[in-house]
$ cat input_37.txt   # compact mmCIF, C-alpha atoms
# COMPACT_ATOMS: atom_id res chain seq x y z
CA MET C 1 -6.71 -3.57 -19.11
CA LYS C 2 -9.60 -5.91 -19.81
CA VAL C 3 -11.73 -7.63 -17.18
CA ASN C 4 -11.17 -11.37 -17.65
CA ALA C 5 -12.68 -12.57 -14.36
CA TYR C 6 -15.32 -11.53 -11.86
CA LEU C 7 -15.55 -12.20 -8.15
CA GLU C 8 -19.18 -12.03 -7.03
CA ILE C 9 -19.95 -11.88 -3.32
CA THR C 10 -23.67 -11.96 -2.51
CA MET C 11 -24.67 -11.16 1.06
CA LYS C 12 -27.92 -11.22 2.99
CA ILE C 13 -27.84 -7.99 4.98
CA ASN C 14 -30.85 -6.61 6.85
CA ASN C 15 -31.91 -3.07 5.95
CA GLU C 16 -30.76 -1.63 9.27
CA ASN C 17 -27.22 -2.95 8.62
CA ARG C 18 -26.94 -1.77 5.03
CA PRO C 19 -25.49 1.68 5.81
CA ALA C 20 -22.66 0.00 7.75
CA ALA C 21 -22.07 -2.43 4.87
CA ALA C 22 -22.01 0.47 2.39
CA LYS C 23 -19.38 2.16 4.57
CA VAL C 24 -17.15 -0.93 4.40
CA TYR C 25 -17.54 -0.92 0.62
CA THR C 26 -16.74 2.81 0.38
CA ASP C 27 -13.79 2.62 2.79
CA TYR C 28 -12.06 -0.19 0.88
CA ARG C 29 -13.08 0.46 -2.74
CA GLN C 30 -10.17 2.74 -3.67
CA PRO C 31 -7.52 0.85 -1.65
CA PHE C 32 -8.73 -2.33 -3.39
CA LEU C 33 -8.32 -0.74 -6.82
CA ASP C 34 -4.96 0.83 -5.92
CA THR C 35 -3.23 -2.08 -4.18
CA ILE C 36 -4.73 -5.46 -5.10
CA LYS C 37 -2.90 -7.15 -7.96
CA GLY C 38 -5.07 -7.38 -11.07
CA ALA C 39 -8.02 -5.45 -9.58
CA LEU C 40 -9.84 -3.39 -12.22
CA THR C 41 -13.39 -2.65 -11.04
CA LYS C 42 -15.57 -2.89 -7.94
CA GLU C 43 -19.32 -2.23 -7.89
CA LEU C 44 -21.94 -2.36 -5.13
CA LEU C 45 -25.26 -3.81 -6.32
CA ILE C 46 -28.33 -3.60 -4.09
CA ARG C 47 -31.65 -5.44 -4.27
CA ASP C 48 -34.41 -5.86 -1.71
CA GLU C 49 -33.34 -9.45 -1.03
CA ASP C 50 -29.54 -9.05 -0.93
CA VAL C 51 -26.44 -6.94 -1.51
CA GLN C 52 -23.76 -7.92 -3.98
CA VAL C 53 -20.23 -6.71 -4.56
CA LEU C 54 -18.96 -7.41 -8.06
CA HIS C 55 -15.17 -7.20 -8.48
CA GLY C 56 -13.48 -7.21 -11.89
CA PHE C 57 -9.99 -8.70 -12.25
CA GLU C 58 -7.38 -9.30 -14.93
CA SER C 59 -7.51 -13.05 -14.20
CA VAL C 60 -9.18 -15.78 -12.16
CA GLU C 61 -5.89 -16.20 -10.28
CA CYS C 62 -5.98 -12.55 -9.19
CA ALA C 63 -9.57 -12.98 -7.94
CA GLN C 64 -8.58 -16.09 -5.98
CA ALA C 65 -5.56 -14.31 -4.52
CA TYR C 66 -7.72 -11.40 -3.32
CA LEU C 67 -9.84 -13.77 -1.21
CA LYS C 68 -6.62 -14.77 0.58
CA SER C 69 -5.25 -11.22 0.82
CA GLU C 70 -4.64 -9.38 4.07
CA MET C 71 -7.10 -6.66 3.03
CA PHE C 72 -9.92 -9.14 2.47
CA GLN C 73 -9.20 -11.41 5.44
CA ASN C 74 -8.36 -8.76 8.06
CA ASP C 75 -10.37 -5.72 6.99
CA VAL C 76 -13.26 -6.36 4.59
CA PHE C 77 -14.32 -9.75 5.97
CA VAL C 78 -14.00 -8.59 9.58
CA GLY C 79 -16.04 -5.45 8.83
CA LEU C 80 -18.84 -7.27 7.03
CA LYS C 81 -19.22 -10.52 8.98
CA PRO C 82 -21.25 -9.05 11.89
CA LEU C 83 -23.69 -7.54 9.35
CA TRP C 84 -24.65 -10.80 7.59
CA SER C 85 -27.93 -12.53 8.33
CA ALA C 86 -26.62 -15.63 6.45
CA ASP C 87 -23.28 -16.82 5.10
CA PRO C 88 -22.32 -15.05 1.87
CA ASP C 89 -22.31 -16.74 -1.52
CA VAL C 90 -18.90 -16.32 -3.19
CA LYS C 91 -18.38 -17.14 -6.88
CA ILE C 92 -15.59 -16.53 -9.36
CA TYR C 93 -16.37 -16.36 -13.08
CA SER C 94 -14.05 -16.25 -16.06
CA VAL C 95 -15.11 -14.06 -18.98
CA ALA C 96 -15.68 -16.06 -22.17

$ encode --input "input_37.txt" --output "structure tokens"
Amino acid sequence: MKVNAYLEITMKINNENRPAAAKVYTDYRQPFLDTIKGALTKELLIRDEDVQVLHGFESVECAQAYLKSEMFQNDVFVGLKPLWSADPDVKIYSVA
């Protein structure tokens, strides 16, 4: 399968909260890949100023559906929200 869309979630997370954020990523990475329709890749990118999770999907529609999924709404979002120092920046891109 080819990645045709990316979901990019950029979060401001203080250094002391980054291990907890990495645990949320690790806990849900494989279930995301195994159960979310159209999910192909998931990478954790870290910089001094922010943390980003880059998700690869078969389509833009699959990326949009993930944001409304039970896993995202009830598990990932709930686990990460207390760790943010600002609201996340969420973007969906289609691959040209």

$ residues_near_point --input "input_37.txt" --point "(-16.0, -6.4, -7.6)" --cutoff "6 Å" --atoms "only C-alpha atoms" --output "PyMOL selection string"
chain C and resi 7+41-43+53-56

$ atom_distance --input "input_37.txt" --atom1 "atom CA of Phe57 of chain C" --atom2 "atom CA of Ala5 of chain C"
5.2 Å

$ closest_residue --input "input_37.txt" --among "C:Ala20, C:Ile13, C:Val3, C:Ala96" --to "Gly38 of chain C" --atoms "all atoms listed in the file"
C:Val3

$ residues_around --input "input_37.txt" --residues "Asp89 of chain C" --least-positions-apart "6" --cutoff "8 Å" --atoms "all atoms listed in the file" --output "list of chain:residue names"
C:Glu8, C:Ile9, C:Thr10, C:Met11

$ residues_near_point --input "input_37.txt" --point "(-9.4, 0.9, -2.4)" --cutoff "12 Å" --atoms "only C-alpha atoms" --output "VMD selection string"
chain C and resid 24 to 37 39 to 43 55 71 to 72 75 to 76

$ atom_distance --input "input_37.txt" --atom1 "atom CA of Met1 of chain C" --atom2 "atom CA of Gln73 of chain C"
25.9 Å

$ residues_around --input "input_37.txt" --residues "Arg18 of chain C" --least-positions-apart "6" --cutoff "12 Å" --atoms "all atoms listed in the file" --output "PyMOL selection string"
chain C and resi 11-12+24-25+44-52+80+82-85

$ closest_residue --input "input_37.txt" --among "C:Asn4, C:Ala22, C:Glu16, C:Ala63" --to "Ile92 of chain C" --atoms "all atoms listed in the file"
C:Ala63

$ atom_distance --input "input_37.txt" --atom1 "atom CA of Ser94 of chain C" --atom2 "atom CA of Glu58 of chain C"
9.7 Å

$ build_atoms --input "input_37.txt" --residues "segment 1-12 of chain C" --atoms "all heavy atoms" --output "PDB file, in the frame of the given file"
ATOM      1  N   MET C   1      -6.600  -2.191 -19.546  1.00  0.00           N
ATOM      2  CA  MET C   1      -6.710  -3.570 -19.110  1.00  0.00           C
ATOM      3  C   MET C   1      -8.149  -4.044 -19.279  1.00  0.00           C
ATOM      4  O   MET C   1      -9.087  -3.294 -19.056  1.00  0.00           O
ATOM      5  CB  MET C   1      -6.302  -3.704 -17.654  1.00  0.00           C
ATOM      6  CG  MET C   1      -4.871  -3.415 -17.372  1.00  0.00           C
ATOM      7  SD  MET C   1      -3.916  -4.900 -17.656  1.00  0.00           S
ATOM      8  CE  MET C   1      -2.297  -4.240 -17.603  1.00  0.00           C
ATOM      9  N   LYS C   2      -8.295  -5.298 -19.598  1.00  0.00           N
ATOM     10  CA  LYS C   2      -9.600  -5.910 -19.810  1.00  0.00           C
ATOM     11  C   LYS C   2      -9.973  -6.804 -18.636  1.00  0.00           C
ATOM     12  O   LYS C   2      -9.138  -7.533 -18.128  1.00  0.00           O
ATOM     13  CB  LYS C   2      -9.546  -6.739 -21.098  1.00  0.00           C
ATOM     14  CG  LYS C   2     -10.835  -7.454 -21.430  1.00  0.00           C
ATOM     15  CD  LYS C   2     -10.680  -8.248 -22.724  1.00  0.00           C
ATOM     16  CE  LYS C   2     -11.927  -9.016 -23.052  1.00  0.00           C
ATOM     17  NZ  LYS C   2     -12.044 -10.286 -22.380  1.00  0.00           N
ATOM     18  N   VAL C   3     -11.236  -6.741 -18.233  1.00  0.00           N
ATOM     19  CA  VAL C   3     -11.730  -7.630 -17.180  1.00  0.00           C
ATOM     20  C   VAL C   3     -11.860  -9.028 -17.774  1.00  0.00           C
ATOM     21  O   VAL C   3     -12.585  -9.234 -18.752  1.00  0.00           O
ATOM     22  CB  VAL C   3     -13.080  -7.145 -16.616  1.00  0.00           C
ATOM     23  CG1 VAL C   3     -13.659  -8.166 -15.663  1.00  0.00           C
ATOM     24  CG2 VAL C   3     -12.918  -5.799 -15.922  1.00  0.00           C
ATOM     25  N   ASN C   4     -11.136  -9.975 -17.202  1.00  0.00           N
ATOM     26  CA  ASN C   4     -11.170 -11.370 -17.650  1.00  0.00           C
ATOM     27  C   ASN C   4     -11.789 -12.295 -16.620  1.00  0.00           C
ATOM     28  O   ASN C   4     -11.974 -13.481 -16.893  1.00  0.00           O
ATOM     29  CB  ASN C   4      -9.755 -11.839 -17.987  1.00  0.00           C
ATOM     30  CG  ASN C   4      -9.206 -11.133 -19.203  1.00  0.00           C
ATOM     31  OD1 ASN C   4      -9.826 -11.102 -20.250  1.00  0.00           O
ATOM     32  ND2 ASN C   4      -8.034 -10.526 -19.064  1.00  0.00           N
ATOM     33  N   ALA C   5     -12.090 -11.751 -15.421  1.00  0.00           N
ATOM     34  CA  ALA C   5     -12.680 -12.570 -14.360  1.00  0.00           C
ATOM     35  C   ALA C   5     -13.472 -11.659 -13.420  1.00  0.00           C
ATOM     36  O   ALA C   5     -13.139 -10.483 -13.246  1.00  0.00           O
ATOM     37  CB  ALA C   5     -11.595 -13.295 -13.578  1.00  0.00           C
ATOM     38  N   TYR C   6     -14.519 -12.237 -12.851  1.00  0.00           N
ATOM     39  CA  TYR C   6     -15.320 -11.530 -11.860  1.00  0.00           C
ATOM     40  C   TYR C   6     -15.386 -12.340 -10.576  1.00  0.00           C
ATOM     41  O   TYR C   6     -15.532 -13.557 -10.615  1.00  0.00           O
ATOM     42  CB  TYR C   6     -16.752 -11.294 -12.349  1.00  0.00           C
ATOM     43  CG  TYR C   6     -16.852 -10.229 -13.411  1.00  0.00           C
ATOM     44  CD1 TYR C   6     -16.903 -10.559 -14.752  1.00  0.00           C
ATOM     45  CD2 TYR C   6     -16.902  -8.883 -13.059  1.00  0.00           C
ATOM     46  CE1 TYR C   6     -16.991  -9.587 -15.725  1.00  0.00           C
ATOM     47  CE2 TYR C   6     -16.992  -7.896 -14.023  1.00  0.00           C
ATOM     48  CZ  TYR C   6     -17.035  -8.259 -15.358  1.00  0.00           C
ATOM     49  OH  TYR C   6     -17.127  -7.283 -16.320  1.00  0.00           O
ATOM     50  N   LEU C   7     -15.298 -11.639  -9.467  1.00  0.00           N
ATOM     51  CA  LEU C   7     -15.550 -12.200  -8.150  1.00  0.00           C
ATOM     52  C   LEU C   7     -16.876 -11.593  -7.700  1.00  0.00           C
ATOM     53  O   LEU C   7     -17.013 -10.364  -7.620  1.00  0.00           O
ATOM     54  CB  LEU C   7     -14.442 -11.834  -7.172  1.00  0.00           C
ATOM     55  CG  LEU C   7     -14.726 -12.064  -5.685  1.00  0.00           C
ATOM     56  CD1 LEU C   7     -14.975 -13.535  -5.386  1.00  0.00           C
ATOM     57  CD2 LEU C   7     -13.588 -11.512  -4.846  1.00  0.00           C
ATOM     58  N   GLU C   8     -17.856 -12.463  -7.447  1.00  0.00           N
ATOM     59  CA  GLU C   8     -19.180 -12.030  -7.030  1.00  0.00           C
ATOM     60  C   GLU C   8     -19.406 -12.493  -5.598  1.00  0.00           C
ATOM     61  O   GLU C   8     -19.336 -13.687  -5.321  1.00  0.00           O
ATOM     62  CB  GLU C   8     -20.207 -12.646  -7.965  1.00  0.00           C
ATOM     63  CG  GLU C   8     -21.639 -12.443  -7.569  1.00  0.00           C
ATOM     64  CD  GLU C   8     -22.553 -13.299  -8.425  1.00  0.00           C
ATOM     65  OE1 GLU C   8     -22.805 -14.462  -8.034  1.00  0.00           O
ATOM     66  OE2 GLU C   8     -22.992 -12.820  -9.473  1.00  0.00           O
ATOM     67  N   ILE C   9     -19.652 -11.550  -4.704  1.00  0.00           N
ATOM     68  CA  ILE C   9     -19.950 -11.880  -3.320  1.00  0.00           C
ATOM     69  C   ILE C   9     -21.361 -11.361  -3.031  1.00  0.00           C
ATOM     70  O   ILE C   9     -21.604 -10.155  -3.066  1.00  0.00           O
ATOM     71  CB  ILE C   9     -18.932 -11.265  -2.343  1.00  0.00           C
ATOM     72  CG1 ILE C   9     -17.517 -11.752  -2.688  1.00  0.00           C
ATOM     73  CG2 ILE C   9     -19.296 -11.614  -0.895  1.00  0.00           C
ATOM     74  CD1 ILE C   9     -16.419 -11.116  -1.868  1.00  0.00           C
ATOM     75  N   THR C  10     -22.279 -12.305  -2.782  1.00  0.00           N
ATOM     76  CA  THR C  10     -23.670 -11.960  -2.510  1.00  0.00           C
ATOM     77  C   THR C  10     -23.933 -12.175  -1.024  1.00  0.00           C
ATOM     78  O   THR C  10     -23.640 -13.247  -0.490  1.00  0.00           O
ATOM     79  CB  THR C  10     -24.615 -12.826  -3.360  1.00  0.00           C
ATOM     80  OG1 THR C  10     -24.257 -12.661  -4.747  1.00  0.00           O
ATOM     81  CG2 THR C  10     -26.060 -12.435  -3.158  1.00  0.00           C
ATOM     82  N   MET C  11     -24.475 -11.132  -0.386  1.00  0.00           N
ATOM     83  CA  MET C  11     -24.670 -11.160   1.060  1.00  0.00           C
ATOM     84  C   MET C  11     -26.107 -10.823   1.433  1.00  0.00           C
ATOM     85  O   MET C  11     -26.696  -9.908   0.863  1.00  0.00           O
ATOM     86  CB  MET C  11     -23.735 -10.128   1.723  1.00  0.00           C
ATOM     87  CG  MET C  11     -22.275 -10.386   1.457  1.00  0.00           C
ATOM     88  SD  MET C  11     -21.229  -8.953   1.872  1.00  0.00           S
ATOM     89  CE  MET C  11     -21.506  -7.926   0.426  1.00  0.00           C
ATOM     90  N   LYS C  12     -26.623 -11.547   2.388  1.00  0.00           N
ATOM     91  CA  LYS C  12     -27.920 -11.220   2.990  1.00  0.00           C
ATOM     92  C   LYS C  12     -27.625 -10.262   4.137  1.00  0.00           C
ATOM     93  O   LYS C  12     -26.985 -10.640   5.125  1.00  0.00           O
ATOM     94  CB  LYS C  12     -28.612 -12.466   3.535  1.00  0.00           C
ATOM     95  CG  LYS C  12     -28.891 -13.520   2.499  1.00  0.00           C
ATOM     96  CD  LYS C  12     -30.155 -13.215   1.762  1.00  0.00           C
ATOM     97  CE  LYS C  12     -30.483 -14.411   0.857  1.00  0.00           C
ATOM     98  NZ  LYS C  12     -31.552 -14.115  -0.050  1.00  0.00           N
TER      99      LYS C  12
END
